[in-house]
Amino acid sequence: MSFHPISMKKSELALLYFPDSTSAVATNRLMRWIYDCPPLIMELETVGYHRSQKLLTSRQVSLIVRHLGDP
C-alpha cells in the first residue's frame, strides 16, 4: 500500500516515520533527514516551504515522501 500525501502537521508526518518516538523527537529526526537531503530542501523551498511552518501542504508532503520513501 502506498502513502497518499495530504496536508498535515510536521509532527503528524514525523510520527508516521518514527511511530515509537515522542512527537518532538520524531519531528527532530524527520527534520534532520530533510536537511540532510539538499535536493529535497531545494524543491521544498521552491513550493514555499519555510523552516518555521508547522503545517505542510500536500505538495510538500508529496516531495518529502518522494525523496525519503513512504512512511
# chains A, B, ... in the order shown; residues from 1 in each chain; ligands from 1

$ residues_around --residues "A:Ser58" --least-positions-apart "5" --cutoff "10 Å" --atoms "only C-alpha atoms" --output "number ranges by chain"
A: 4-8, 63-64

$ write_last_selection --atoms "N, CA and C atoms" --output "PDB file, in the first residue's frame"
ATOM      1  N   HIS A   4      -0.655   8.183   0.570  1.00  0.00           N
ATOM      2  CA  HIS A   4      -1.303   9.234  -0.212  1.00  0.00           C
ATOM      3  C   HIS A   4      -1.132  10.564   0.517  1.00  0.00           C
ATOM      4  N   PRO A   5      -0.292  11.448  -0.013  1.00  0.00           N
ATOM      5  CA  PRO A   5       0.011  12.713   0.652  1.00  0.00           C
ATOM      6  C   PRO A   5      -1.219  13.600   0.832  1.00  0.00           C
ATOM      7  N   ILE A   6      -1.355  14.128   2.023  1.00  0.00           N
ATOM      8  CA  ILE A   6      -2.381  15.104   2.355  1.00  0.00           C
ATOM      9  C   ILE A   6      -1.708  16.201   3.168  1.00  0.00           C
ATOM     10  N   SER A   7      -2.369  17.318   3.307  1.00  0.00           N
ATOM     11  CA  SER A   7      -1.852  18.381   4.160  1.00  0.00           C
ATOM     12  C   SER A   7      -1.867  17.896   5.604  1.00  0.00           C
ATOM     13  N   MET A   8      -0.756  18.095   6.317  1.00  0.00           N
ATOM     14  CA  MET A   8      -0.683  17.646   7.705  1.00  0.00           C
ATOM     15  C   MET A   8       0.393  18.396   8.466  1.00  0.00           C
ATOM     16  N   LEU A  63       6.575  15.795  -1.848  1.00  0.00           N
ATOM     17  CA  LEU A  63       8.014  15.903  -2.125  1.00  0.00           C
ATOM     18  C   LEU A  63       8.833  15.145  -1.080  1.00  0.00           C
ATOM     19  N   ILE A  64       8.448  15.275   0.167  1.00  0.00           N
ATOM     20  CA  ILE A  64       9.170  14.579   1.239  1.00  0.00           C
ATOM     21  C   ILE A  64       9.089  13.071   1.031  1.00  0.00           C
TER      22      ILE A  64
END

$ select_by_dssp --residues "chain A" --states "strand (DSSP E or B)" --output "list in words"
Met8, Lys9, Leu55 and Leu56 of chain A

$ write_last_selection --atoms "C-alpha atoms" --output "PDB file, in the first residue's frame"
ATOM      1  CA  MET A   8      -0.683  17.646   7.705  1.00  0.00           C
ATOM      2  CA  LYS A   9       1.326  18.920  10.631  1.00  0.00           C
ATOM      3  CA  LEU A  55       1.610  22.707   8.631  1.00  0.00           C
ATOM      4  CA  LEU A  56       2.877  21.052   5.458  1.00  0.00           C
TER       5      LEU A  56
END

$ closest_residue --among "A:Pro71, A:Leu15, A:Trp33, A:Val61" --to "A:Tyr49" --atoms "only C-alpha atoms"
A:Val61

$ closest_residue --among "A:Leu44, A:Ser2, A:Leu13, A:Ser23" --to "A:His67" --atoms "only C-alpha atoms"
A:Leu44

$ closest_residue --among "A:Val47, A:Leu68, A:Ser62, A:Tyr17" --to "A:Ile34" --atoms "only C-alpha atoms"
A:Leu68

$ atom_distance --atom1 "atom CA of A:Glu45" --atom2 "atom CA of A:Asp20"
29.0 Å

$ atom_distance --atom1 "atom CA of A:Leu16" --atom2 "atom CA of A:Gly48"
22.8 Å

$ atom_distance --atom1 "atom CA of A:Pro39" --atom2 "atom CA of A:Thr22"
27.4 Å
